[in-house]
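Participant: Here it is, the structure, as structure tokens.
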Amino acid sequence: MQDRGTVDLVVIGGGINGAGISRDAAGRGLSVILCEKDDLAEGTSSRSGKLIHGGLRYLEYFEFRLVREALIEREVLLKAAPHIVWPMRFVLPHSPEQRPAWLVRLGLFLYDHLGGREKLPPCRRINLRNHLEGQAIKDSYRLAFEYSDCWVDDARLVVLNALDAKERGATILTRTSAASARRKDGTWDIEFRGSDGTQSRARAKALVNAAGPWVEDVISGVVGVNSTRRVRLVKGSHIIVRKFWDGPHAYLLQNHDKRVIFVNPYENDLCLIGTTDIPYEGRAEDVSIDNHEIDYLLAAVNRYTKKQLTRTDVIGSFSGVRPLSDDNAANPSAVTRDYVFDCDGEPPLLSVFGGKITTYRKLAEHALQKLKPFFPAMQENWTAKAALPGGNIPNADFGAFVSDLQREFSWAPEDVTRHYARLYGSRAEKVINGASNLKGLGQHFGGTFYEAEAAYLRAHEWAQTAEDILDRRTKHGLHLSQRQRESLASYLND
């Protein structure tokens, strides 16, 4: 059994919280091991609504602290990763049956002012009959409100945090589970088991449980202790259809049950519709969309849009399980999206309950503050002004950056260089890897996907399977045929 020695911190869970905590800790000078039983972001963190947002509807549940924190984080992440985080305008057609106009205006006023908005434009009231945004909406809806939030490539956000953690000295173990963790002689004695059967062990001065939907399994199974805190699983599903309106804006639609449904541009010519909120009691690994959810989402959209969607329009879907901190709310939509820590014993076990992708950086900062008494020499907060890998783009001006990249690599199709810019930012040249013509990018798998990118992801971003590359590191899988997917699988197996 390989002995990995003694480190300051072992983090269990390679979702956004685990990756964020590992990055923050490594940047403070702590030695870190992150273990993830599957691929990075394979669970909840690649199945979100892909938004960096304050959560407009959370204002109705008086979650002012959470909304303010999330709104501030929008601006932080826009600057830290302008290649994978970008502004988006959301059009909210007014439906008086759900909420009166004055209440919507009040909510948007708070939304504009709670978080110290800097880069994003303010909300506005629009007449749907006189604006492009109204062309796709039924004539019976005349008034709408438009406001700003941000889009994010959620799985890439996880990978970039793990990559930064590695470059700051952390060890990232994917497809490696924590088999057991026991307190022994003042440290944690932890055994790891790889998916290939390999075993290793390490000792740690502190253990962080950021396992998301599996947080209770780690507490009771891996560690073998009890906790009074519980996680509440809520299923959220999305469907993908062809984009059916002109313009870069998204829609936020109020449904008859007072929930809101996002209808967002996705991958240029697609549209992402979600999400549902359903109590879930099965295994998190088995989560999937059901017919009722598909019908629910289609009906919510069809209530507002001239184009009436049917099941034949659905070209893809995904479901995730949100691991929320159980606050005993009767309505799943009312369960807090805030996060809670449970810090137990010495050496400490810090378990993370709840949270949302928007506030992951602040969650990580708070987690390290909780551990500060055990690491008095630990360095101070640092991530608020630090770019993520690829994010050091001058003035966070992505448009200018793309133009410069396309001039530098004028031999490449514009959609290819834009794709590299969007996913890899200032590290795009590492993907191109010295190529001076299209042939130099290697085998063409389809669309904007070439061998050079696959090689980069295998070498630098822990990608092993076709799904790692096509569905998480990139979204090429949405644009490739089954034969093209199989061609990649054959390439990876050679």
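Note on naming: chains are A, B, ... as they come in the structure tokens, residues start from 1 per chain, ligands start from 1 in the order shown.
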Give me, as a PDB file with N, CA and C atoms, in the first residue's frame, all polymer residues having an atom no more than 10 Å from Gln98 in chain A, counting only C-alpha atoms and skipping those fewer than 3 positions away in the same chain.

Facilitator:
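Dumped everything to result34.pdb:
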```
ATOM      1  N   HIS A  94     -44.392  39.686 -17.231  1.00  0.00           N
ATOM      2  CA  HIS A  94     -45.197  39.843 -16.038  1.00  0.00           C
ATOM      3  C   HIS A  94     -46.468  39.023 -16.133  1.00  0.00           C
ATOM      4  N   SER A  95     -46.691  38.214 -15.102  1.00  0.00           N
ATOM      5  CA  SER A  95     -47.910  37.419 -14.986  1.00  0.00           C
ATOM      6  C   SER A  95     -48.582  37.804 -13.675  1.00  0.00           C
ATOM      7  N   ALA A 101     -47.112  43.494 -10.104  1.00  0.00           N
ATOM      8  CA  ALA A 101     -45.978  44.205 -10.696  1.00  0.00           C
ATOM      9  C   ALA A 101     -45.160  44.948  -9.643  1.00  0.00           C
ATOM     10  N   GLN A 254     -42.562  32.768 -14.751  1.00  0.00           N
ATOM     11  CA  GLN A 254     -43.268  32.413 -13.517  1.00  0.00           C
ATOM     12  C   GLN A 254     -44.294  31.324 -13.828  1.00  0.00           C
ATOM     13  N   ASN A 255     -44.212  30.236 -13.113  1.00  0.00           N
ATOM     14  CA  ASN A 255     -45.155  29.135 -13.350  1.00  0.00           C
ATOM     15  C   ASN A 255     -46.380  29.284 -12.448  1.00  0.00           C
ATOM     16  N   HIS A 256     -47.403  28.494 -12.722  1.00  0.00           N
ATOM     17  CA  HIS A 256     -48.671  28.598 -11.980  1.00  0.00           C
ATOM     18  C   HIS A 256     -48.517  28.285 -10.496  1.00  0.00           C
ATOM     19  N   ASP A 257     -47.450  27.502 -10.121  1.00  0.00           N
ATOM     20  CA  ASP A 257     -47.216  27.159  -8.719  1.00  0.00           C
ATOM     21  C   ASP A 257     -46.278  28.159  -8.039  1.00  0.00           C
ATOM     22  N   LYS A 258     -46.018  29.279  -8.712  1.00  0.00           N
ATOM     23  CA  LYS A 258     -45.165  30.369  -8.227  1.00  0.00           C
ATOM     24  C   LYS A 258     -43.670  30.033  -8.266  1.00  0.00           C
ATOM     25  N   ARG A 259     -43.317  28.851  -8.789  1.00  0.00           N
ATOM     26  CA  ARG A 259     -41.910  28.591  -9.073  1.00  0.00           C
ATOM     27  C   ARG A 259     -41.528  29.351 -10.331  1.00  0.00           C
TER      28      ARG A 259
END
```

Participant: What are the DSSP alpha helix (DSSP H) residues of range 106-252 of chain A, as a ChimeraX atom specification?

Facilitator: /A:106-113,154-167,215-217

Participant: So which residues touch Phe398 in chain A within 9 Å, counting only C-alpha atoms, skipping near sequence neighbours fewer than 3 positions away, as a compact mmCIF listing (two decimals) with C-alpha atoms, in the first residue's frame?

Facilitator:
```txt
# COMPACT_ATOMS: atom_id res chain seq x y z
CA PRO A 82 -14.31 35.96 -17.74
CA HIS A 83 -13.81 33.07 -20.18
CA TRP A 86 -20.25 35.98 -18.65
CA ILE A 393 -7.50 38.34 -19.47
CA PRO A 394 -6.66 42.08 -19.67
CA ASN A 395 -9.49 44.13 -18.17
CA PHE A 401 -9.19 38.69 -26.13
CA VAL A 402 -11.01 36.58 -28.74
CA SER A 403 -10.18 39.07 -31.49
CA ALA A 421 -10.93 31.04 -25.86
CA ARG A 422 -14.23 30.32 -24.13
CA GLY A 425 -9.01 31.55 -21.79
```

Participant: Residues of range 230-289 of chain A that approach range 43-47 of chain A to 10 Å or less, counting only C-alpha atoms: could you list each one with the shortest pair of atoms and its distance in Å to one decimal, rows by chain and increasing residue number, as a tab-separated table?

Facilitator:
```
residue	atom	partner	partner_atom	distance
A:Lys235	CA	A:Thr44	CA	9.8
A:Gly236	CA	A:Arg47	CA	8.4
A:Ser237	CA	A:Arg47	CA	8.2
A:His238	CA	A:Arg47	CA	8.4
A:Ala284	CA	A:Gly43	CA	8.2
A:Glu285	CA	A:Gly43	CA	7.8
A:Val287	CA	A:Gly43	CA	9.9
```

Participant: Selected residues, C-alpha atoms, written as an mmCIF file, in the first residue's frame, please.

Facilitator:
```cif
data_model
loop_
_atom_site.group_PDB
_atom_site.id
_atom_site.type_symbol
_atom_site.label_atom_id
_atom_site.label_comp_id
_atom_site.auth_asym_id
_atom_site.auth_seq_id
_atom_site.Cartn_x
_atom_site.Cartn_y
_atom_site.Cartn_z
ATOM 1 C CA LYS A 235 -33.962 16.658 -7.559
ATOM 2 C CA GLY A 236 -33.604 19.291 -10.245
ATOM 3 C CA SER A 237 -34.005 18.364 -13.915
ATOM 4 C CA HIS A 238 -33.390 20.255 -17.150
ATOM 5 C CA ALA A 284 -27.962 10.020 -5.776
ATOM 6 C CA GLU A 285 -26.186 7.972 -8.450
ATOM 7 C CA VAL A 287 -31.161 10.253 -10.397
#
```

Participant: Which residues come within 10 Å of range 301-314 of chain A, counting only C-alpha atoms, excluding same-chain residues fewer than 2 positions away, as a PyMOL selection string?

Facilitator: chain A and resi 93+95+134-141+239-242+244-245+251-256+261-263+271+273-274+291+294-299+316-317

Participant: Interatomic distance between CA of Ile21 in chain A and CA of Gln369 in chain A?

Facilitator: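 Interatomic distance, CA of Ile21 in chain A to CA of Gln369 in chain A: 10.9 Å.
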
Participant: For range 60-71 of chain A, work out the shell of residues within 6 Å, counting only C-alpha atoms and skipping chain neighbours fewer than 3 positions away, then give it as a list in words.

Facilitator: Gly54, Arg57, Arg74, Leu114, Gly115, Thr358 and Thr359 of chain A

Participant: Where in range 164-401 of chain A does DSSP assign strand (DSSP E), given as a PyMOL selection string?

Facilitator: chain A and resi 171-173+176-184+187-194+199-209+231-242+250-254+260-266+270-274+278-279+316-325+339-344+349-354

Participant: For CA of Met1 in chain A and CA of Gly224 in chain A, quote the distance in Å rounded to one decimal.

Facilitator: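 That distance, rounded to one decimal, is 22.2 Å.
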
Participant: Quick one: contact table of range 149-211 of chain A to range 5-10 of chain A, 12 Å max, nearest atom pair and distance in Å to one decimal per residue, counting only C-alpha atoms, chain and number order, as CSV?

Facilitator:
```
residue,atom,partner,partner_atom,distance
A:Gly169,CA,A:Val7,CA,11.2
A:Ala170,CA,A:Leu9,CA,9.6
A:Thr171,CA,A:Val10,CA,9.5
A:Ile172,CA,A:Val10,CA,10.2
A:Leu173,CA,A:Val10,CA,10.7
A:Ser177,CA,A:Val10,CA,11.8
A:Ala178,CA,A:Val10,CA,9.7
A:Ala181,CA,A:Val10,CA,10.1
A:Gly186,CA,A:Thr6,CA,11.7
A:Thr187,CA,A:Thr6,CA,8.8
A:Trp188,CA,A:Val10,CA,8.9
A:Asp189,CA,A:Thr6,CA,9.1
A:Ile190,CA,A:Val10,CA,8.5
A:Glu191,CA,A:Val10,CA,10.9
A:Phe192,CA,A:Val10,CA,10.9
A:Ser200,CA,A:Gly5,CA,9.9
A:Arg201,CA,A:Gly5,CA,7.7
A:Ala202,CA,A:Gly5,CA,5.2
A:Arg203,CA,A:Thr6,CA,4.5
A:Ala204,CA,A:Val7,CA,4.9
A:Lys205,CA,A:Asp8,CA,4.9
A:Ala206,CA,A:Leu9,CA,5.0
A:Leu207,CA,A:Val10,CA,5.1
A:Val208,CA,A:Val10,CA,6.2
A:Asn209,CA,A:Val10,CA,8.7
A:Ala210,CA,A:Val10,CA,10.3
```

Participant: CA of Asp338 in chain A and CA of Gly355 in chain A are how many Å apart?

Facilitator: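 CA of Gly355 in chain A lies at a distance of 5.1 Å from CA of Asp338 in chain A.
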
Participant: Counting only C-alpha atoms, which of A:Glu380, A:Asp494, A:Glu346, A:Glu36 gets nearest to Ala162 in chain A?

Facilitator: A:Glu36

Participant: Got a sec: who's within 12 Å of Ala41 in chain A, counting only C-alpha atoms, leaving out chain neighbours fewer than 6 positions off, as an mmCIF file with C-alpha atoms, in the first residue's frame?

Facilitator:
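Everything below was put into result_6.cif:
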```cif
data_model
loop_
_atom_site.group_PDB
_atom_site.id
_atom_site.type_symbol
_atom_site.label_atom_id
_atom_site.label_comp_id
_atom_site.auth_asym_id
_atom_site.auth_seq_id
_atom_site.Cartn_x
_atom_site.Cartn_y
_atom_site.Cartn_z
ATOM 1 C CA GLY A 13 -15.341 15.241 -2.692
ATOM 2 C CA GLY A 14 -14.391 16.627 -6.091
ATOM 3 C CA GLY A 15 -17.403 18.831 -6.702
ATOM 4 C CA ILE A 16 -17.331 22.610 -6.586
ATOM 5 C CA ASN A 17 -17.082 22.855 -2.789
ATOM 6 C CA GLY A 18 -14.307 20.298 -2.450
ATOM 7 C CA ALA A 19 -12.327 21.787 -5.322
ATOM 8 C CA GLY A 20 -12.843 25.314 -4.009
ATOM 9 C CA ARG A 47 -25.866 19.260 -13.471
ATOM 10 C CA SER A 48 -26.761 22.732 -12.259
ATOM 11 C CA ASP A 153 -19.743 26.544 -17.372
ATOM 12 C CA ASP A 154 -20.231 24.711 -14.079
ATOM 13 C CA ALA A 155 -18.065 21.625 -14.676
ATOM 14 C CA ARG A 156 -15.194 23.737 -15.983
ATOM 15 C CA LEU A 157 -15.435 25.928 -12.885
ATOM 16 C CA VAL A 158 -14.782 22.804 -10.814
ATOM 17 C CA VAL A 159 -11.871 21.675 -12.978
ATOM 18 C CA LEU A 160 -10.245 25.122 -12.933
ATOM 19 C CA ASN A 161 -10.374 25.204 -9.137
ATOM 20 C CA ALA A 162 -8.807 21.741 -8.979
ATOM 21 C CA THR A 174 -9.749 11.289 -9.164
ATOM 22 C CA ARG A 175 -11.530 7.945 -9.280
ATOM 23 C CA ALA A 211 -19.135 14.925 -0.530
ATOM 24 C CA GLY A 212 -22.365 16.728 -1.449
ATOM 25 C CA GLY A 320 -28.981 16.402 -10.491
ATOM 26 C CA ILE A 357 -22.349 27.018 -7.045
ATOM 27 C CA GLU A 461 -7.223 18.017 -16.605
ATOM 28 C CA TRP A 462 -7.575 14.395 -15.395
ATOM 29 C CA ALA A 463 -9.812 13.353 -18.320
ATOM 30 C CA GLU A 467 -17.715 11.180 -21.109
ATOM 31 C CA ASP A 468 -15.102 13.110 -19.114
ATOM 32 C CA ILE A 469 -14.189 15.026 -22.263
ATOM 33 C CA ASP A 471 -19.910 15.915 -21.296
ATOM 34 C CA ARG A 472 -17.918 17.657 -18.553
ATOM 35 C CA ARG A 473 -14.617 19.229 -19.707
#
```

Participant: Could you tell me which of A:Lys439, A:Arg183, A:His366, A:Arg418 comes closest to Asn268 in chain A if we count only C-alpha atoms?

Facilitator: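 Under the stated criterion, the closest residue is A:Arg418.
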
Participant: What's around Pro323 in chain A at 9 Å? Count only C-alpha atoms, leave out sequence neighbours fewer than 5 positions away in its own chain, and write the answer as number ranges by chain.

Facilitator: A: 44, 212-215, 231-234, 353-355
